[in-house]
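J.: Here it is, the structure, as structure tokens.
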Amino acid sequence: MSGVSTRDIGHRVVVRHRLEGGQATDVIGVLQSYDEQTLEVRHADSTPYRIQRAAVVAAKPIPPMPLRRVDVEQLFLTTALGRPAVETQYVGEWLLRASGGWTGRANSVLPAGDPGLAFSDAAKQAEAFYLERGLPPLALVRLGTPEADAFSEVGWTDARPEESDTLVLHTTLDHVNAQPAYEVLVSDQPDAQWYDAAFEGPVPAAAPPVMEGAPRTAFASVELDGRLVAVGRGSMTGHWLGVDAVRVDPAYRRRGLATALLQGLARWAGPLGGRRTYLEVVEQNAGALAAYIGIGYVEAYRYRYLTKR
């Protein structure tokens with residue numbers, strides 16, 4: 001079996017092997033294990049195929065699956081559905097979100113689609129929505145779009161000029177569904193320990209309804225030395241896996257724990273129909289950004305928050 005060895009574990013391979021009836025078939029996926037008797041290939045949908053080496057006709061490593069062009073408009077909406085706010089209203093197709101002030105995403109207007117009225121009037125309705133709830137008016141706008149320019153034209157300005165852009169990254173699931181280096185526990189409900197690890201200090205009142213509000217969610221964790229030291233959240237929207245709330249205890253950073261969480265959530269999402277994955281990271285978080293790019297994520301778009309003062 002030339003061309004495949006233990007060094008290829010974690011990488012995509014194609015394996016041609018014979019079934020019991022004698023016919024040959026190919027399996028393409030990530031090589032998960034390789035020993036004297038068997039090898040295991042994990043397909044893009046996370047289905048594992050254990051193959052006897054004696055049945056292998058040929059095998060070789062292949063390049064990672066190329067990324068298809070992402071539908072940015074669809075992804076923009078998908079990110080909102082993956083982490084729904086406590087309260088939502090619509091102005092035409094615009095989504096107004098409020099969650100007691102916890103996180104910008106859950107307390108901002110998502111100007112996607114047609115608001116159904118003049119832009120200035122739609123912006124005024126959004127402003128009134130937040131002022132009625134004692135919240136600062138916020139709009140999450142993709143940079144370089146007509147919506148970003150239109151908000152500026154009606155007096156909205158950068159809400160957080162001291163912060164860097166937020167990047168939305170994406171990749172295909174088979175780039176990140178390799179075997180994690182740590183045991184990753186995945187549950188459909190977070191417990192008190194998960195929240196304690198996810199937050200430094202008290203858990204905001206709006207956090208549980210926001211983080212548990214999506215139709216299909218998963219809460220991943222890694223336990224070391226008798227306690228949770230890394231946690232992350234996953235949500236499924238169509239074929240998209242969204243990953244957020246990744247937090248690693250400072251004493252355990254730079255050990256690959258964040259990557260392990262991503263891989264564990266990818267393996268959860270594959271059997272549910274997951275094919276692609278996205279996450280968000282602020283540009284100034286250079287360490288996290290480098291780690292995500294290193295395992296195959298690329299930039300889809302970037303955004304900032306605008307406000308009306």
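Residue numbering restarts at 1 in every chain; chains get A, B, ... in the order shown in the structure tokens, and ligands count up from 1 in that same order.
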I'd like the neighbourhood of A:Val91 as a PyMOL selection string, where a residue qualifies if any of its atoms comes within 8 Å (using only C-alpha atoms), though same-chain residues fewer than 3 positions away should be ignored.
T.: chain A and resi 94-96+115-116+122+125-126
J.: Write a file of the selected residues as an mmCIF file, in the first residue's frame, keeping C-alpha atoms.
T.:
```cif
data_model
loop_
_atom_site.group_PDB
_atom_site.id
_atom_site.type_symbol
_atom_site.label_atom_id
_atom_site.label_comp_id
_atom_site.auth_asym_id
_atom_site.auth_seq_id
_atom_site.Cartn_x
_atom_site.Cartn_y
_atom_site.Cartn_z
ATOM 1 C CA TRP A 94 -34.280 43.371 8.411
ATOM 2 C CA LEU A 95 -33.923 41.521 11.709
ATOM 3 C CA LEU A 96 -34.015 43.541 14.952
ATOM 4 C CA PRO A 115 -36.538 46.678 4.697
ATOM 5 C CA GLY A 116 -39.693 47.416 2.722
ATOM 6 C CA ALA A 122 -36.016 51.779 8.334
ATOM 7 C CA GLN A 125 -37.438 52.318 13.221
ATOM 8 C CA ALA A 126 -34.371 50.341 14.230
#
```
J.: Do you know which residues are at most 7 Å from A:Asp249 counting only C-alpha atoms, after dropping those on the same chain fewer than 4 positions away, and could you put them as a PyMOL selection string?
T.: chain A and resi 229-230+253
J.: Residues as selected, N, CA, C and O atoms, written as a PDB file, in the first residue's frame, can you do that?
T.:
```
ATOM      1  N   VAL A 229     -11.550  22.533  31.374  1.00  0.00           N
ATOM      2  CA  VAL A 229     -10.548  23.565  31.067  1.00  0.00           C
ATOM      3  C   VAL A 229     -10.770  24.192  29.692  1.00  0.00           C
ATOM      4  O   VAL A 229     -10.091  25.170  29.343  1.00  0.00           O
ATOM      5  N   ALA A 230     -11.711  23.641  28.911  1.00  0.00           N
ATOM      6  CA  ALA A 230     -11.988  24.206  27.591  1.00  0.00           C
ATOM      7  C   ALA A 230     -13.418  23.881  27.207  1.00  0.00           C
ATOM      8  O   ALA A 230     -13.884  22.757  27.418  1.00  0.00           O
ATOM      9  N   ARG A 253      -3.734  27.071  27.739  1.00  0.00           N
ATOM     10  CA  ARG A 253      -3.700  27.523  26.364  1.00  0.00           C
ATOM     11  C   ARG A 253      -2.429  27.074  25.647  1.00  0.00           C
ATOM     12  O   ARG A 253      -1.468  26.667  26.256  1.00  0.00           O
TER      13      ARG A 253
END
```
J.: Residues at most 6 Å from stretch 4-14 of chain A, counting only C-alpha atoms, excluding those fewer than 3 positions away in the same chain, as a list in words?
T.: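 Returned residues: Val27, Ile28, Gly29, Val30, Leu31, Gln32, Tyr34, Ala59, Lys60, Pro61, Ile62 and Ala178 of chain A.
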J.: What would the file look like if the residues just selected were written as a PDB file, in the first residue's frame with N, CA, C and O atoms?
T.:
```pdb
ATOM      1  N   VAL A  27     -13.054   4.789  -1.161  1.00  0.00           N
ATOM      2  CA  VAL A  27     -13.491   5.604  -0.033  1.00  0.00           C
ATOM      3  C   VAL A  27     -12.567   6.805   0.048  1.00  0.00           C
ATOM      4  O   VAL A  27     -11.337   6.658   0.034  1.00  0.00           O
ATOM      5  N   ILE A  28     -13.163   7.997   0.102  1.00  0.00           N
ATOM      6  CA  ILE A  28     -12.396   9.233   0.230  1.00  0.00           C
ATOM      7  C   ILE A  28     -12.754   9.884   1.553  1.00  0.00           C
ATOM      8  O   ILE A  28     -13.927  10.012   1.894  1.00  0.00           O
ATOM      9  N   GLY A  29     -11.752  10.278   2.303  1.00  0.00           N
ATOM     10  CA  GLY A  29     -11.997  10.946   3.582  1.00  0.00           C
ATOM     11  C   GLY A  29     -10.703  11.167   4.327  1.00  0.00           C
ATOM     12  O   GLY A  29      -9.606  11.071   3.753  1.00  0.00           O
ATOM     13  N   VAL A  30     -10.820  11.438   5.606  1.00  0.00           N
ATOM     14  CA  VAL A  30      -9.655  11.706   6.449  1.00  0.00           C
ATOM     15  C   VAL A  30      -9.187  10.411   7.090  1.00  0.00           C
ATOM     16  O   VAL A  30      -9.983   9.664   7.677  1.00  0.00           O
ATOM     17  N   LEU A  31      -7.911  10.102   6.967  1.00  0.00           N
ATOM     18  CA  LEU A  31      -7.342   8.908   7.590  1.00  0.00           C
ATOM     19  C   LEU A  31      -7.301   9.110   9.103  1.00  0.00           C
ATOM     20  O   LEU A  31      -6.652  10.029   9.600  1.00  0.00           O
ATOM     21  N   GLN A  32      -8.001   8.232   9.819  1.00  0.00           N
ATOM     22  CA  GLN A  32      -8.114   8.378  11.271  1.00  0.00           C
ATOM     23  C   GLN A  32      -7.137   7.486  12.035  1.00  0.00           C
ATOM     24  O   GLN A  32      -6.647   7.861  13.094  1.00  0.00           O
ATOM     25  N   TYR A  34      -4.234   3.864  11.552  1.00  0.00           N
ATOM     26  CA  TYR A  34      -3.493   3.002  10.634  1.00  0.00           C
ATOM     27  C   TYR A  34      -2.627   2.078  11.481  1.00  0.00           C
ATOM     28  O   TYR A  34      -1.800   2.545  12.273  1.00  0.00           O
ATOM     29  N   ALA A  59      -3.919   2.924  -2.233  1.00  0.00           N
ATOM     30  CA  ALA A  59      -4.268   4.049  -1.364  1.00  0.00           C
ATOM     31  C   ALA A  59      -3.232   5.138  -1.531  1.00  0.00           C
ATOM     32  O   ALA A  59      -2.052   4.856  -1.762  1.00  0.00           O
ATOM     33  N   LYS A  60      -3.673   6.390  -1.424  1.00  0.00           N
ATOM     34  CA  LYS A  60      -2.725   7.496  -1.526  1.00  0.00           C
ATOM     35  C   LYS A  60      -3.317   8.741  -0.884  1.00  0.00           C
ATOM     36  O   LYS A  60      -4.545   8.899  -0.819  1.00  0.00           O
ATOM     37  N   PRO A  61      -2.482   9.634  -0.393  1.00  0.00           N
ATOM     38  CA  PRO A  61      -2.976  10.921   0.119  1.00  0.00           C
ATOM     39  C   PRO A  61      -3.436  11.793  -1.031  1.00  0.00           C
ATOM     40  O   PRO A  61      -2.918  11.697  -2.150  1.00  0.00           O
ATOM     41  N   ILE A  62      -4.422  12.647  -0.765  1.00  0.00           N
ATOM     42  CA  ILE A  62      -4.938  13.564  -1.773  1.00  0.00           C
ATOM     43  C   ILE A  62      -5.038  14.956  -1.151  1.00  0.00           C
ATOM     44  O   ILE A  62      -5.089  15.097   0.074  1.00  0.00           O
ATOM     45  N   ALA A 178     -10.947  15.819  11.918  1.00  0.00           N
ATOM     46  CA  ALA A 178      -9.952  14.816  12.274  1.00  0.00           C
ATOM     47  C   ALA A 178     -10.117  14.390  13.739  1.00  0.00           C
ATOM     48  O   ALA A 178     -10.836  15.017  14.514  1.00  0.00           O
TER      49      ALA A 178
END
```
J.: So that each row is one residue of stretch 86-120 of chain A with an atom at most 9 Å from stretch 140-150 of chain A, can you give its shortest atom pair and the distance in Å to one decimal, using only C-alpha atoms, rows by chain and rising number, as CSV?
T.:
```
residue,atom,partner,partner_atom,distance
A:Gly104,CA,A:Leu140,CA,8.0
A:Arg105,CA,A:Leu140,CA,7.2
A:Ser108,CA,A:Leu140,CA,6.1
A:Val109,CA,A:Leu140,CA,6.1
A:Leu110,CA,A:Leu140,CA,5.6
A:Pro111,CA,A:Val141,CA,7.0
A:Ala112,CA,A:Glu147,CA,8.6
A:Phe119,CA,A:Ala150,CA,7.4
A:Ser120,CA,A:Ala150,CA,8.3
```
J.: Pull all heavy atoms from the residues just selected and write them as a PDB file, in the first residue's frame.
T.:
```
ATOM      1  N   GLY A 104     -22.963  42.066  21.188  1.00  0.00           N
ATOM      2  CA  GLY A 104     -23.416  42.911  20.092  1.00  0.00           C
ATOM      3  C   GLY A 104     -24.311  42.170  19.123  1.00  0.00           C
ATOM      4  O   GLY A 104     -25.311  42.705  18.647  1.00  0.00           O
ATOM      5  N   ARG A 105     -23.977  40.914  18.821  1.00  0.00           N
ATOM      6  CA  ARG A 105     -24.764  40.160  17.844  1.00  0.00           C
ATOM      7  C   ARG A 105     -26.214  40.010  18.279  1.00  0.00           C
ATOM      8  O   ARG A 105     -27.129  40.053  17.451  1.00  0.00           O
ATOM      9  CB  ARG A 105     -24.149  38.775  17.631  1.00  0.00           C
ATOM     10  CG  ARG A 105     -23.002  38.760  16.655  1.00  0.00           C
ATOM     11  CD  ARG A 105     -22.465  37.363  16.475  1.00  0.00           C
ATOM     12  NE  ARG A 105     -21.731  36.892  17.644  1.00  0.00           N
ATOM     13  CZ  ARG A 105     -21.258  35.653  17.790  1.00  0.00           C
ATOM     14  NH1 ARG A 105     -21.470  34.761  16.841  1.00  0.00           N
ATOM     15  NH2 ARG A 105     -20.582  35.304  18.854  1.00  0.00           N
ATOM     16  N   SER A 108     -28.445  43.852  18.020  1.00  0.00           N
ATOM     17  CA  SER A 108     -28.179  44.721  16.877  1.00  0.00           C
ATOM     18  C   SER A 108     -29.110  44.363  15.733  1.00  0.00           C
ATOM     19  O   SER A 108     -29.641  43.254  15.656  1.00  0.00           O
ATOM     20  CB  SER A 108     -26.718  44.579  16.418  1.00  0.00           C
ATOM     21  OG  SER A 108     -26.424  43.242  16.083  1.00  0.00           O
ATOM     22  N   VAL A 109     -29.301  45.306  14.852  1.00  0.00           N
ATOM     23  CA  VAL A 109     -30.090  45.059  13.656  1.00  0.00           C
ATOM     24  C   VAL A 109     -29.206  44.382  12.618  1.00  0.00           C
ATOM     25  O   VAL A 109     -28.045  44.753  12.419  1.00  0.00           O
ATOM     26  CB  VAL A 109     -30.702  46.361  13.098  1.00  0.00           C
ATOM     27  CG1 VAL A 109     -29.638  47.410  12.827  1.00  0.00           C
ATOM     28  CG2 VAL A 109     -31.485  46.084  11.814  1.00  0.00           C
ATOM     29  N   LEU A 110     -29.757  43.368  11.981  1.00  0.00           N
ATOM     30  CA  LEU A 110     -29.079  42.693  10.891  1.00  0.00           C
ATOM     31  C   LEU A 110     -29.723  43.182   9.592  1.00  0.00           C
ATOM     32  O   LEU A 110     -30.815  42.734   9.227  1.00  0.00           O
ATOM     33  CB  LEU A 110     -29.228  41.176  11.021  1.00  0.00           C
ATOM     34  CG  LEU A 110     -28.295  40.343  10.140  1.00  0.00           C
ATOM     35  CD1 LEU A 110     -26.909  40.257  10.784  1.00  0.00           C
ATOM     36  CD2 LEU A 110     -28.857  38.947   9.921  1.00  0.00           C
ATOM     37  N   PRO A 111     -29.079  44.110   8.888  1.00  0.00           N
ATOM     38  CA  PRO A 111     -29.692  44.702   7.694  1.00  0.00           C
ATOM     39  C   PRO A 111     -29.490  43.830   6.459  1.00  0.00           C
ATOM     40  O   PRO A 111     -28.728  44.159   5.554  1.00  0.00           O
ATOM     41  CB  PRO A 111     -28.970  46.048   7.575  1.00  0.00           C
ATOM     42  CG  PRO A 111     -27.611  45.764   8.126  1.00  0.00           C
ATOM     43  CD  PRO A 111     -27.799  44.745   9.222  1.00  0.00           C
ATOM     44  N   ALA A 112     -30.191  42.714   6.438  1.00  0.00           N
ATOM     45  CA  ALA A 112     -30.090  41.783   5.320  1.00  0.00           C
ATOM     46  C   ALA A 112     -31.386  41.814   4.530  1.00  0.00           C
ATOM     47  O   ALA A 112     -32.463  41.613   5.092  1.00  0.00           O
ATOM     48  CB  ALA A 112     -29.816  40.369   5.832  1.00  0.00           C
ATOM     49  N   PHE A 119     -34.675  53.667   3.193  1.00  0.00           N
ATOM     50  CA  PHE A 119     -33.609  53.276   4.113  1.00  0.00           C
ATOM     51  C   PHE A 119     -33.608  54.142   5.369  1.00  0.00           C
ATOM     52  O   PHE A 119     -33.486  53.632   6.480  1.00  0.00           O
ATOM     53  CB  PHE A 119     -32.242  53.356   3.421  1.00  0.00           C
ATOM     54  CG  PHE A 119     -31.140  52.717   4.214  1.00  0.00           C
ATOM     55  CD1 PHE A 119     -30.732  51.427   3.949  1.00  0.00           C
ATOM     56  CD2 PHE A 119     -30.510  53.410   5.251  1.00  0.00           C
ATOM     57  CE1 PHE A 119     -29.729  50.831   4.691  1.00  0.00           C
ATOM     58  CE2 PHE A 119     -29.506  52.828   5.997  1.00  0.00           C
ATOM     59  CZ  PHE A 119     -29.115  51.527   5.716  1.00  0.00           C
ATOM     60  N   SER A 120     -33.754  55.447   5.200  1.00  0.00           N
ATOM     61  CA  SER A 120     -33.715  56.342   6.364  1.00  0.00           C
ATOM     62  C   SER A 120     -34.841  56.038   7.334  1.00  0.00           C
ATOM     63  O   SER A 120     -34.653  56.091   8.557  1.00  0.00           O
ATOM     64  CB  SER A 120     -33.781  57.799   5.906  1.00  0.00           C
ATOM     65  OG  SER A 120     -34.974  58.046   5.168  1.00  0.00           O
TER      66      SER A 120
END
```
J.: Using atom CA of A:Tyr303 and atom CA of A:Thr259 as the two end points, give the distance in Å to one decimal.
T.: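 Atom CA of A:Tyr303 sits 23.9 Å away from atom CA of A:Thr259.
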J.: So which residues of stretch 80-239 of chain A fall under strand (DSSP E) by DSSP, listed as a PyMOL selection string?
T.: chain A and resi 87-91+94-98+109-110+138-142+157-158+166-172+185-187+217-224+227-237
J.: Please identify which residues in stretch 21-137 of chain A DSSP calls alpha helix (DSSP H) from the backbone, and express them as a count of residues only.
T.: 24
J.: Env of A:Glu127: 8 Å cut, atoms = only C-alpha atoms, seq-sep filter 2 positions within chain, self excluded. Answer as a PyMOL selection string.
T.: chain A and resi 123-125+129-131+137-138+308
J.: How would the residues just picked look written out with C-alpha atoms as a PDB file, in the first residue's frame?
T.:
```pdb
ATOM      1  CA  ALA A 123     -32.971  53.061  10.206  1.00  0.00           C
ATOM      2  CA  LYS A 124     -35.232  55.296  12.337  1.00  0.00           C
ATOM      3  CA  GLN A 125     -37.438  52.318  13.221  1.00  0.00           C
ATOM      4  CA  PHE A 129     -36.599  49.747  18.772  1.00  0.00           C
ATOM      5  CA  TYR A 130     -33.400  49.922  20.809  1.00  0.00           C
ATOM      6  CA  LEU A 131     -34.132  53.190  22.572  1.00  0.00           C
ATOM      7  CA  PRO A 137     -28.878  51.499  18.682  1.00  0.00           C
ATOM      8  CA  LEU A 138     -26.532  49.061  16.958  1.00  0.00           C
ATOM      9  CA  LYS A 308     -26.635  56.403  16.128  1.00  0.00           C
TER      10      LYS A 308
END
```
J.: Set the distance at 10 Å and use only C-alpha atoms: which residues neighbour stretch 264-267 of chain A once local chain neighbours fewer than 3 positions away are removed? I'd like the list as a PyMOL selection string.
T.: chain A and resi 42+44-47+172-186+217-222+232-235+241-243+258-261+270-272+274-277
J.: How about saving the chosen residues, N, CA and C atoms kept, as a short mmCIF file (atom, residue, chain, number, x, y, z; two decimals), in the first residue's frame?
T.:
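Output file result-v9.cif follows:
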```
data_model
loop_
_atom_site.label_atom_id
_atom_site.label_comp_id
_atom_site.auth_asym_id
_atom_site.auth_seq_id
_atom_site.Cartn_x
_atom_site.Cartn_y
_atom_site.Cartn_z
N ARG A 42 -12.46 8.42 7.72
CA ARG A 42 -13.69 9.09 8.10
C ARG A 42 -14.15 9.97 6.95
N ALA A 44 -16.61 12.65 4.75
CA ALA A 44 -16.96 14.05 5.03
C ALA A 44 -18.18 14.17 5.92
N ASP A 45 -19.09 13.16 5.89
CA ASP A 45 -20.26 13.21 6.77
C ASP A 45 -19.99 12.59 8.13
N SER A 46 -18.68 12.32 8.42
CA SER A 46 -18.19 11.76 9.68
C SER A 46 -18.46 10.27 9.83
N THR A 47 -18.96 9.60 8.79
CA THR A 47 -19.12 8.15 8.85
C THR A 47 -17.74 7.49 8.81
N THR A 172 -14.81 23.81 4.81
CA THR A 172 -15.61 22.59 4.71
C THR A 172 -15.36 21.73 5.93
N LEU A 173 -16.35 20.92 6.28
CA LEU A 173 -16.28 20.16 7.52
C LEU A 173 -15.13 19.16 7.53
N ASP A 174 -14.79 18.61 6.36
CA ASP A 174 -13.75 17.57 6.38
C ASP A 174 -12.36 18.15 6.63
N HIS A 175 -12.22 19.48 6.63
CA HIS A 175 -10.95 20.08 7.03
C HIS A 175 -10.75 20.03 8.54
N VAL A 176 -11.83 19.90 9.27
CA VAL A 176 -11.74 20.02 10.73
C VAL A 176 -12.38 18.86 11.48
N ASN A 177 -12.60 17.72 10.81
CA ASN A 177 -13.21 16.61 11.53
C ASN A 177 -12.24 15.48 11.84
N ALA A 178 -10.95 15.82 11.92
CA ALA A 178 -9.95 14.82 12.27
C ALA A 178 -10.12 14.39 13.74
N GLN A 179 -9.46 13.33 14.11
CA GLN A 179 -9.52 12.82 15.47
C GLN A 179 -8.93 13.85 16.44
N PRO A 180 -9.69 14.33 17.43
CA PRO A 180 -9.14 15.30 18.39
C PRO A 180 -8.01 14.69 19.22
N ALA A 181 -7.08 15.52 19.60
CA ALA A 181 -5.96 15.06 20.44
C ALA A 181 -6.39 14.82 21.88
N TYR A 182 -7.56 15.33 22.25
CA TYR A 182 -8.11 15.15 23.60
C TYR A 182 -9.52 14.58 23.48
N GLU A 183 -9.97 13.95 24.55
CA GLU A 183 -11.35 13.48 24.57
C GLU A 183 -12.28 14.69 24.69
N VAL A 184 -13.18 14.83 23.74
CA VAL A 184 -14.12 15.95 23.73
C VAL A 184 -15.51 15.41 24.04
N LEU A 185 -16.09 15.91 25.11
CA LEU A 185 -17.44 15.52 25.49
C LEU A 185 -18.41 16.50 24.84
N VAL A 186 -19.46 15.98 24.22
CA VAL A 186 -20.45 16.82 23.55
C VAL A 186 -21.83 16.49 24.11
N THR A 217 -28.36 22.48 19.00
CA THR A 217 -27.12 22.98 19.56
C THR A 217 -26.34 21.85 20.23
N ALA A 218 -25.05 22.10 20.41
CA ALA A 218 -24.18 21.15 21.10
C ALA A 218 -23.19 21.95 21.94
N PHE A 219 -22.87 21.41 23.10
CA PHE A 219 -21.97 22.07 24.03
C PHE A 219 -20.80 21.13 24.31
N ALA A 220 -19.63 21.54 23.84
CA ALA A 220 -18.45 20.69 23.91
C ALA A 220 -17.56 21.12 25.07
N SER A 221 -16.83 20.15 25.60
CA SER A 221 -15.93 20.45 26.72
C SER A 221 -14.79 19.44 26.75
N VAL A 222 -13.68 19.87 27.33
CA VAL A 222 -12.53 19.01 27.57
C VAL A 222 -12.20 19.11 29.05
N GLY A 232 -16.79 24.97 24.25
CA GLY A 232 -17.21 25.61 23.01
C GLY A 232 -18.64 25.20 22.69
N ARG A 233 -19.27 25.98 21.85
CA ARG A 233 -20.67 25.73 21.48
C ARG A 233 -20.79 25.55 19.98
N GLY A 234 -21.65 24.64 19.56
CA GLY A 234 -21.93 24.44 18.15
C GLY A 234 -23.42 24.55 17.89
N SER A 235 -23.79 25.01 16.70
CA SER A 235 -25.20 25.07 16.32
C SER A 235 -25.31 24.70 14.85
N LEU A 241 -22.42 24.32 10.26
CA LEU A 241 -22.08 24.24 11.68
C LEU A 241 -21.46 25.57 12.09
N GLY A 242 -22.11 26.27 13.03
CA GLY A 242 -21.54 27.48 13.60
C GLY A 242 -20.84 27.15 14.90
N VAL A 243 -19.66 27.66 15.10
CA VAL A 243 -18.90 27.42 16.33
C VAL A 243 -18.66 28.75 17.02
N ALA A 258 -8.43 24.33 21.70
CA ALA A 258 -9.46 24.95 20.86
C ALA A 258 -9.66 24.14 19.57
N THR A 259 -8.57 23.66 18.99
CA THR A 259 -8.68 22.83 17.80
C THR A 259 -9.44 21.55 18.10
N ALA A 260 -9.16 20.95 19.25
CA ALA A 260 -9.87 19.73 19.64
C ALA A 260 -11.37 19.97 19.77
N LEU A 261 -11.75 21.11 20.34
CA LEU A 261 -13.18 21.44 20.44
C LEU A 261 -13.82 21.54 19.06
N GLY A 270 -21.38 16.26 11.47
CA GLY A 270 -21.35 15.47 10.25
C GLY A 270 -22.53 14.54 10.08
N PRO A 271 -22.85 13.70 11.06
CA PRO A 271 -23.99 12.80 10.93
C PRO A 271 -25.33 13.52 10.84
N LEU A 272 -25.38 14.79 11.23
CA LEU A 272 -26.61 15.58 11.16
C LEU A 272 -26.76 16.30 9.82
N GLY A 274 -24.13 18.09 8.41
CA GLY A 274 -23.19 19.20 8.32
C GLY A 274 -22.21 19.02 7.18
N ARG A 275 -21.98 20.07 6.43
CA ARG A 275 -21.03 20.03 5.33
C ARG A 275 -20.02 21.19 5.40
N ARG A 276 -20.45 22.32 6.00
CA ARG A 276 -19.57 23.47 6.08
C ARG A 276 -19.64 24.04 7.49
N THR A 277 -18.66 24.84 7.84
CA THR A 277 -18.59 25.39 9.18
C THR A 277 -18.10 26.82 9.14
#
```
J.: For each of A:Thr78, A:Ala24, A:Ala55, A:Ser164, take the minimum atom-to-atom distance to A:Ala286, counting only C-alpha atoms, then give the residue where this is smallest.
T.: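 The shortest atom-to-atom distance to A:Ala286 comes from A:Ser164.
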J.: Counting only C-alpha atoms, figure out which residue out of A:Leu169, A:Ala205, A:Arg69, A:Leu77 gets nearest to A:Ala290.
T.: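 When distances to A:Ala290 are compared using only C-alpha atoms, the smallest one comes from A:Leu169.
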J.: Hey, which of A:Gly256, A:Arg304, A:Asp26, A:His43 ends up closest to A:Gly287? Count only C-alpha atoms.
T.: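 The answer is A:Gly256, which sits nearest to A:Gly287.
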J.: How many Å lie between atom CA of A:Val57 and atom CA of A:Val41, rounded to one decimal?
T.: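 Between atom CA of A:Val57 and atom CA of A:Val41 the gap works out to 14.8 Å.
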J.: With distances taken over only C-alpha atoms, which residue among A:Met236, A:Met211, A:Val168, A:Val86 lies nearest A:Glu299?
T.: A:Val168
J.: Please compute the atom CA of A:Val282-atom CA of A:Tyr90 distance, one decimal, in Å.
T.: 27.5 Å
